[in-house]
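Student: Dropping a structure here in structure tokens format, bear with me for questions.
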Amino acid sequence: MSTVHERPHDIALAASGTKPPLTQRPGLLSQHLGTALVGAIIGYAIGHWLGNTISSHYPYIANSGQNAIADTLGLMLGVVGWLLGIGALNYPLAKLVGRQPSSEVEIQGWSKYFRYSTNHKTVGLQYVVGVLLFMFTGGLLAMAIRTELLSPTTHVFSPDTYIKIVSEHGTVMMMMATSIVVGPLGNYLVPLMIGSRRMAFPRIEAFSFWIFVAGYMVIFSAMPFGGFPTGWTGYAPLQTQAGPGMVSYLFGFAVIGLGMMAAGFNIAVTIINYRAPGMTWSRVPIFVWSILATAALLTLATPTLFAAGVFGLLDRTVQTAFYVTEHGGSSYLWENLFWFFGHPEVYIMALPGFGIAGEILPVFTRKPLFAYKVGAAGMIGVSLLSFFVWQHHLFQSGINPDMRPLFMLTTELISIPTGFIYLVGMGTMYKAKIRFDLPMLFVMALYFNFLIGGVTGVFLSDVPVNVTVHGGFFVLSHFHYTIMGGLLFAFMAGLYYWLPKMTGRMMNRRIGLWHFWTMFIFFNLTFFPMFIIGLLGQPRRVFTYAKNLQGLNDFSSISAFVLGFSFLIFFFNLVWSLYINPVKAPDNPWDSLGLEWQTATPVPAHNFDRIPVVLADPYHYSEVNAPAVADLGPSSPPDEPSLSGAPV
Amino acid sequence: MNETHHLRRMTIAWVIVSVVADVLFWFFVGPHVPPGRMTDMATSNQFDFNILFVIALPVLIGVWIYLGYTIVVWSAKRGGPEPVGGEAARTNRTAQVAWITITSVVVLFLAGFGTVELIVNNGSGGGEGPNPVWSPAGATKAEAAALAGTGTWSPNSGQVLPVQVIGQQWKFTYRYPTFGGFETSQLVLPTNTTIAFNVTSLDVTHSFWAYQLGVKADANPLINDVAYTATTQQGQFVVRCSELCGIWHGAMYNYGRVVSQQAFAAWAQRTEAANAANTKLLPAFAWTYTPDANGAAGGYYPDGKVTPYSSAEVYGAKQPAS
């Protein structure tokens, strides 16, 4: 086989003698994380100066010494500088001025993880580190919240600092959770699972990661600006009244939104168009179905968030009044736009978790996935219905009382397709022979936790009961049970399951068991009392509460500290298993039939020597005369066109 | 072991545990479930919660028993027969149809039940906005009379009592339009009376949560959010803000009292008289009041000299009239 065949798209050019462009070689012009940071700083400085220059007569935001236009332009040009610095704009800019862009070449060695890479596996691993960093910072903020809530009368933080910590925690976690599976596992695994060598739009894929990081920095820039007091929901008019940190929130959501749209668009197109021959819709792995449903939601729901954020910025900068009731706008507009995105977002976070569970179950039960078609249909059903439920967040807001029965109905209807995941799971476990390895343990925990999250969701959707539980710790506990108890446990299952393929190293089982049991037990001990705390009348986002609730709050806080510690065990396991005491992973340690496991470990740059011909779905476990999943044998040269249009 | 044995065992365990759990819950926990029974709304909200819980418990117990059974009986460590793959393990029409039918029936029942409860209970204590679609008898008339300044309320008259709730950073105050429109930070209500809460805000969005009354309604500036409840027991209740409204959101709470009708009438007349001088300075009673940039400085009523709130202006500075 020629070199060309091993290295599809642009990589082929370098291999056949073309030198990488200067920006991707070591040297002064090399582009990487460092140049991106420099670009961001320069961009911010220019934007801030420009803002102050063109709007010097505008009033400053009260008590801040800041000007909203300068802040917005600073962040905006900062992000542009970041993208220029990392090299994300090299290709489009070259095209713009009519030059033939130099092709991206995959740098070898560890430094590729700090560069703009169009290799989906590199992007996947970049995302792993990115979301873990995001999660870790959000988790530290959660520890701060629980510390404050140890006592209703003795305060660790001022109310001002506390509400900003709460807001930052919520926003960071929500932003992270939208990408926690789609980013790392979606990007890494989808091409492998559908038998493709690449994503449909590798540059958009790389863009989605680097702008995700930019969004992380933008949202954290709120802290030096003095934070924002609105929680992650950013309700107007509190939003309009807030200080300069609000600019970071609004612009941060817009930036993250761009990344979510890019990622969703790229993944949806990839799944639809880059399936290998024979990968019919009835053979597509259930994880890919979940990612497709998620990608559809990312693409269709996020523009609303983007628009909502931009409207908010316009209100703050050029004095529009989208959300200012007194000037003809409406605070309900924000609530509707935000939740029109916000509720589909809940399923952006839930669906990939279901996909991971569906993918892992057959491997560890040694049985085919039960009711595969119902499961896939359920995911599509959930993503469609999720656009018709958002006003259940506004049940007590005073808007549209006559619509409440409708939104109560749609919200409760969505529990039918959501329940399919239990049909699939319980059917698959039936009369199985289950290996309780780490991934399976996390999946079992997902089924336990998500059930509580789902059932309490029905209480919230019931308008009369909603009167008591809306806006309190009950709802807080509910969504932590679905997102953390569901998605995060699924993500952990996915990491323990797929990291051997991604890194070539097995995760340590003993440390993993410590991680699992501390996380599972103390997750429940942290959040279950919050249902009771909520029912007993504690609203969300308060720094003080009734004295009689201190016992429950303390119990929850102390459990939360141990829950936080369980993540340290996980990080320790990562370091231990990947660096300190690495154990080489076999090509297929779990005996999976999944196409992604049929490749070598580590996965070759081009994934498959030849585009595989898929012969069956990957769930033919314990079947006599089971068909092979795919024909992987080397034969004809690849038919992939070069990314840059150059002949292969 | 054949298929029917597994299913029979699980079903028997499920039925027994569910029935016991439901009965224990209904009789021992249910009567104590928040928000209690201080008003008709609280009572109906508690009833609805308990009905949902009695339906939810068997669902939870069913899945837990199944998962527990799976872990114990079908673990690879226990050995046992090899699982069987193939078409039969992939689909089971009966199981799938049964699952979808049962979940659909439960869900549709819950939606129907919730809707009936919502309508029968006149919005169930939730904020219905300025034009409630479900209201108790006499409420609309009482509200109109209150706005016109002709509303009255006296003990044993069976009249609806309109009360205005005004949220602002970071306290609730209350106006009683049937008693001259005086404003006070005390919320006192007569027992055995239907109350029409008219909730509004002078700055950001708050939420008026009268916990034991079973009432929750967002307080939005320039919007009158109406919620109803009928008091049935005397006692104290807590009012908390349940929508994040800024730094001191956590401290935005106070207490109210439900007292006898005579005691309420006496209190209202006494307070009306005591506050008469202050009430004169207040603007005429209205469902909403235009906030302005000077809210924090106290000039929040539409006196014709202030401009509406503007986002970018410095707080505390007067602006020219628009």
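So you can find residues: chains in the structure tokens are A, B, ... in the order shown, residues in each start at 1, and ligands are numbered from 1 in order.
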Please list as a list of chain:residue names every residue within 12 Å of A:Ser557, counting only C-alpha atoms and excluding residues in the same chain fewer than 6 positions away.

Tutor: A:Ala142, A:Met143, A:Ala144, A:Ile145, A:Arg146, A:Thr147, A:Glu148, A:Leu149, A:Leu150, A:Ser151, A:Phe522, A:Phe523, A:Asn524, A:Leu525, A:Thr526, A:Phe527, A:Phe528, A:Pro529, A:Met530, A:Gln550, A:Gly551, A:Leu563, A:Gly564

Student: What gap, in Å, lies between atom CA of A:Val614 and atom CA of A:Asp631?

Tutor: 6.3 Å

Student: Show me, as a PyMOL selection string, the residues that have an atom within 9 Å of B:Ser154 when counting only C-alpha atoms, minus same-chain residues fewer than 4 positions from it.

Tutor: chain B and resi 158-159+261-262+265

Student: Pick out the residues sitting within 7 Å of B:Ala227, and hand them over as a PyMOL selection string; count only C-alpha atoms, and ignore anything fewer than 2 positions along from it in its own chain.

Tutor: chain B and resi 125-128+196-198+215+217+225+229

Student: Can you spit out the residues from that selection as a PDB file, in the first residue's frame, using N, CA and C atoms?

Tutor:
```pdb
ATOM      1  N   GLY B 125     -53.431  28.161  42.700  1.00  0.00           N
ATOM      2  CA  GLY B 125     -52.559  29.036  43.480  1.00  0.00           C
ATOM      3  C   GLY B 125     -51.384  29.577  42.701  1.00  0.00           C
ATOM      4  N   GLY B 126     -51.286  29.237  41.428  1.00  0.00           N
ATOM      5  CA  GLY B 126     -50.204  29.757  40.590  1.00  0.00           C
ATOM      6  C   GLY B 126     -50.599  31.084  39.974  1.00  0.00           C
ATOM      7  N   GLY B 127     -49.590  31.902  39.651  1.00  0.00           N
ATOM      8  CA  GLY B 127     -49.860  33.201  39.049  1.00  0.00           C
ATOM      9  C   GLY B 127     -50.449  33.046  37.659  1.00  0.00           C
ATOM     10  N   GLU B 128     -51.635  33.646  37.444  1.00  0.00           N
ATOM     11  CA  GLU B 128     -52.308  33.499  36.147  1.00  0.00           C
ATOM     12  C   GLU B 128     -52.168  34.728  35.266  1.00  0.00           C
ATOM     13  N   ALA B 196     -57.554  37.317  46.599  1.00  0.00           N
ATOM     14  CA  ALA B 196     -57.033  37.495  45.247  1.00  0.00           C
ATOM     15  C   ALA B 196     -55.726  38.272  45.370  1.00  0.00           C
ATOM     16  N   PHE B 197     -54.605  37.564  45.230  1.00  0.00           N
ATOM     17  CA  PHE B 197     -53.304  38.241  45.286  1.00  0.00           C
ATOM     18  C   PHE B 197     -53.020  38.858  43.922  1.00  0.00           C
ATOM     19  N   ASN B 198     -52.669  40.135  43.927  1.00  0.00           N
ATOM     20  CA  ASN B 198     -52.277  40.808  42.690  1.00  0.00           C
ATOM     21  C   ASN B 198     -50.803  41.157  42.828  1.00  0.00           C
ATOM     22  N   VAL B 215     -49.390  29.260  47.378  1.00  0.00           N
ATOM     23  CA  VAL B 215     -49.446  30.305  46.348  1.00  0.00           C
ATOM     24  C   VAL B 215     -48.040  30.616  45.852  1.00  0.00           C
ATOM     25  N   ALA B 217     -46.476  33.176  42.643  1.00  0.00           N
ATOM     26  CA  ALA B 217     -46.714  33.985  41.456  1.00  0.00           C
ATOM     27  C   ALA B 217     -45.524  34.908  41.242  1.00  0.00           C
ATOM     28  N   ASP B 225     -49.860  39.962  38.191  1.00  0.00           N
ATOM     29  CA  ASP B 225     -49.945  38.510  38.155  1.00  0.00           C
ATOM     30  C   ASP B 225     -50.894  38.076  39.277  1.00  0.00           C
ATOM     31  N   THR B 229     -56.327  32.081  46.479  1.00  0.00           N
ATOM     32  CA  THR B 229     -56.338  31.024  47.483  1.00  0.00           C
ATOM     33  C   THR B 229     -57.456  31.350  48.462  1.00  0.00           C
TER      34      THR B 229
END
```

Student: Show me which bits of chain A are within 6 Å of chain B, counting only C-alpha atoms, as an MDAnalysis selection string.

Tutor: chainID A and resid 62 159:160 229 237:238 240 367:368 370:371 396:399 401 405 409 412 432:435 462 464:465 467 471 539 542:544 621:623

Student: Using only C-alpha atoms, which residue out of A:Met484, A:Val469, A:Gln319, A:Thr178 lies closest to A:Tyr347?

Tutor: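 Answer, going by the shortest atom-to-atom distance: A:Thr178.
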
Student: Excluding A:Glu345 and residues on its chain fewer than 4 positions from it, collect all residues at most 9 Å away from it, counting only C-alpha atoms, and give them as a list in words.

Tutor: Met174, Thr178, Thr294, Leu297, Leu298, Ala301, Thr302, Trp339, Phe340, Phe341, Met349, Ala350 and Ser386 of chain A

Student: Any chance you can output those residues with all heavy atoms as a short mmCIF file (atom, residue, chain, number, x, y, z; two decimals), in the first residue's frame?

Tutor:
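Listing of out03.cif after writing:
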```
data_model
loop_
_atom_site.label_atom_id
_atom_site.label_comp_id
_atom_site.auth_asym_id
_atom_site.auth_seq_id
_atom_site.Cartn_x
_atom_site.Cartn_y
_atom_site.Cartn_z
N MET A 174 -23.42 24.27 32.87
CA MET A 174 -24.35 24.09 31.75
C MET A 174 -23.62 24.15 30.43
O MET A 174 -23.88 23.37 29.52
CB MET A 174 -25.44 25.15 31.80
CG MET A 174 -26.48 24.87 32.84
SD MET A 174 -27.36 23.33 32.46
CE MET A 174 -28.50 23.26 33.81
N THR A 178 -23.21 20.76 27.82
CA THR A 178 -23.71 20.64 26.45
C THR A 178 -22.69 19.96 25.55
O THR A 178 -23.05 19.41 24.52
CB THR A 178 -24.00 22.03 25.85
OG1 THR A 178 -22.85 22.84 26.03
CG2 THR A 178 -25.19 22.69 26.50
N THR A 294 -28.85 14.58 19.14
CA THR A 294 -28.26 15.71 19.87
C THR A 294 -27.77 16.78 18.89
O THR A 294 -27.97 17.98 19.12
CB THR A 294 -27.07 15.22 20.72
OG1 THR A 294 -27.51 14.13 21.50
CG2 THR A 294 -26.55 16.33 21.61
N LEU A 297 -30.50 18.87 17.71
CA LEU A 297 -30.90 19.85 18.72
C LEU A 297 -29.90 21.00 18.80
O LEU A 297 -30.27 22.17 18.91
CB LEU A 297 -31.03 19.19 20.09
CG LEU A 297 -32.19 18.22 20.28
CD1 LEU A 297 -32.15 17.62 21.67
CD2 LEU A 297 -33.51 18.95 20.07
N LEU A 298 -28.61 20.66 18.76
CA LEU A 298 -27.57 21.69 18.82
C LEU A 298 -27.74 22.67 17.66
O LEU A 298 -27.63 23.88 17.83
CB LEU A 298 -26.18 21.05 18.73
CG LEU A 298 -25.64 20.36 19.98
CD1 LEU A 298 -24.40 19.57 19.65
CD2 LEU A 298 -25.34 21.38 21.06
N ALA A 301 -31.62 24.41 18.11
CA ALA A 301 -32.01 25.15 19.32
C ALA A 301 -31.03 26.27 19.65
O ALA A 301 -31.42 27.31 20.16
CB ALA A 301 -32.12 24.19 20.51
N THR A 302 -29.76 26.05 19.35
CA THR A 302 -28.75 27.01 19.79
C THR A 302 -28.88 28.39 19.14
O THR A 302 -28.56 29.38 19.78
CB THR A 302 -27.34 26.43 19.59
OG1 THR A 302 -27.36 25.08 19.99
CG2 THR A 302 -26.32 27.19 20.38
N TRP A 339 -35.57 29.73 27.33
CA TRP A 339 -36.04 28.37 27.57
C TRP A 339 -36.38 27.65 26.28
O TRP A 339 -36.41 26.42 26.26
CB TRP A 339 -37.21 28.37 28.55
CG TRP A 339 -36.76 28.67 29.94
CD1 TRP A 339 -37.12 29.76 30.70
CD2 TRP A 339 -35.86 27.91 30.75
NE1 TRP A 339 -36.49 29.71 31.92
CE2 TRP A 339 -35.71 28.59 31.97
CE3 TRP A 339 -35.15 26.72 30.56
CZ2 TRP A 339 -34.89 28.13 33.00
CZ3 TRP A 339 -34.34 26.26 31.59
CH2 TRP A 339 -34.22 26.96 32.77
N PHE A 340 -36.64 28.41 25.21
CA PHE A 340 -36.85 27.73 23.92
C PHE A 340 -35.56 27.01 23.52
O PHE A 340 -35.58 25.96 22.89
CB PHE A 340 -37.26 28.72 22.83
CG PHE A 340 -37.63 28.03 21.55
CD1 PHE A 340 -38.89 27.49 21.40
CD2 PHE A 340 -36.73 27.88 20.52
CE1 PHE A 340 -39.25 26.81 20.25
CE2 PHE A 340 -37.07 27.20 19.36
CZ PHE A 340 -38.34 26.67 19.23
N PHE A 341 -34.43 27.62 23.92
CA PHE A 341 -33.16 26.90 23.80
C PHE A 341 -32.97 25.97 25.00
O PHE A 341 -32.57 24.83 24.86
CB PHE A 341 -31.99 27.88 23.72
CG PHE A 341 -30.71 27.31 24.28
CD1 PHE A 341 -29.95 26.46 23.51
CD2 PHE A 341 -30.30 27.59 25.57
CE1 PHE A 341 -28.79 25.90 24.02
CE2 PHE A 341 -29.14 27.03 26.09
CZ PHE A 341 -28.38 26.18 25.31
N MET A 349 -28.18 17.38 26.76
CA MET A 349 -27.36 16.79 27.81
C MET A 349 -27.78 15.37 28.15
O MET A 349 -26.97 14.57 28.58
CB MET A 349 -27.43 17.67 29.06
CG MET A 349 -26.86 19.05 28.81
SD MET A 349 -26.84 20.08 30.25
CE MET A 349 -28.50 20.65 30.32
N ALA A 350 -29.06 15.05 27.95
CA ALA A 350 -29.52 13.72 28.37
C ALA A 350 -29.28 12.66 27.29
O ALA A 350 -28.85 11.56 27.59
CB ALA A 350 -31.01 13.77 28.72
N SER A 386 -38.96 17.96 22.46
CA SER A 386 -38.29 18.90 23.37
C SER A 386 -38.48 20.35 22.94
O SER A 386 -38.24 21.25 23.73
CB SER A 386 -36.80 18.57 23.48
OG SER A 386 -36.14 18.91 22.29
#
```

Student: Near A:Asn266, within 7 Å and counting only C-alpha atoms, which residues show up once chain neighbours fewer than 5 positions away are dropped, as number ranges by chain?

Tutor: A: 200-201, 204-205

Student: Generate a file of the selected residues that holds all heavy atoms, formatted as a short mmCIF file (atom, residue, chain, number, x, y, z; two decimals), in the first residue's frame.

Tutor:
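The result, stored in selection.cif:
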```
data_model
loop_
_atom_site.label_atom_id
_atom_site.label_comp_id
_atom_site.auth_asym_id
_atom_site.auth_seq_id
_atom_site.Cartn_x
_atom_site.Cartn_y
_atom_site.Cartn_z
N ALA A 200 -17.01 15.32 8.37
CA ALA A 200 -17.35 15.97 7.11
C ALA A 200 -16.63 17.31 6.98
O ALA A 200 -16.14 17.67 5.91
CB ALA A 200 -18.86 16.19 7.03
N PHE A 201 -16.55 18.05 8.08
CA PHE A 201 -15.95 19.39 8.04
C PHE A 201 -14.88 19.49 9.13
O PHE A 201 -15.14 20.04 10.20
CB PHE A 201 -17.01 20.47 8.24
CG PHE A 201 -18.13 20.40 7.25
CD1 PHE A 201 -19.41 20.04 7.65
CD2 PHE A 201 -17.91 20.71 5.91
CE1 PHE A 201 -20.44 19.96 6.75
CE2 PHE A 201 -18.95 20.65 5.00
CZ PHE A 201 -20.22 20.27 5.41
N ILE A 204 -14.33 22.93 10.64
CA ILE A 204 -15.41 23.37 11.52
C ILE A 204 -15.33 22.63 12.85
O ILE A 204 -15.59 23.18 13.92
CB ILE A 204 -16.78 23.14 10.83
CG1 ILE A 204 -16.92 24.12 9.67
CG2 ILE A 204 -17.93 23.30 11.82
CD1 ILE A 204 -18.24 24.04 8.95
N GLU A 205 -14.93 21.38 12.78
CA GLU A 205 -14.77 20.59 14.00
C GLU A 205 -13.70 21.21 14.90
O GLU A 205 -13.91 21.42 16.10
CB GLU A 205 -14.38 19.16 13.63
CG GLU A 205 -14.25 18.25 14.82
CD GLU A 205 -13.60 16.93 14.45
OE1 GLU A 205 -12.79 16.91 13.50
OE2 GLU A 205 -13.91 15.93 15.10
#
```

Student: Neighbouring residues of A:Phe479 were defined as those with any atom within 7 Å, considering only C-alpha atoms; residues of the same chain fewer than 4 positions away were excluded. Please report them as a PyMOL selection string.

Tutor: chain A and resi 453+475+483

Student: Between atom CA of A:Ile256 and atom CA of A:Met135, measure the distance and give it in Å to one decimal.

Tutor: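 Atom CA of A:Met135 lies at a distance of 15.1 Å from atom CA of A:Ile256.
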
Student: Given the choices A:Gln239, A:Thr418, A:Thr23, A:Thr299, which gets closest to A:Glu335 if the distance is worked out from only C-alpha atoms?

Tutor: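 Among A:Gln239, A:Thr418, A:Thr23, A:Thr299, it is A:Gln239 that comes nearest to A:Glu335.
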
Student: To one decimal place, how far is atom CA of A:Phe491 from atom CA of A:Ser179 in Å?

Tutor: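 According to the coordinates, atom CA of A:Phe491 and atom CA of A:Ser179 are separated by 10.8 Å.
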
Student: Using only C-alpha atoms, pick whichever of A:Leu488, A:Leu423, A:Val603, A:Ile558 has the shortest atom-to-atom distance to A:Thr122.

Tutor: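 When distances to A:Thr122 are compared using only C-alpha atoms, the smallest one comes from A:Val603.
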
Student: Which one of A:Leu595, A:Ile356, A:Ile41, A:Val463 sits closest to A:Ala493 if you count only C-alpha atoms?

Tutor: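 That would be A:Ile356, the residue with the smallest distance to A:Ala493.
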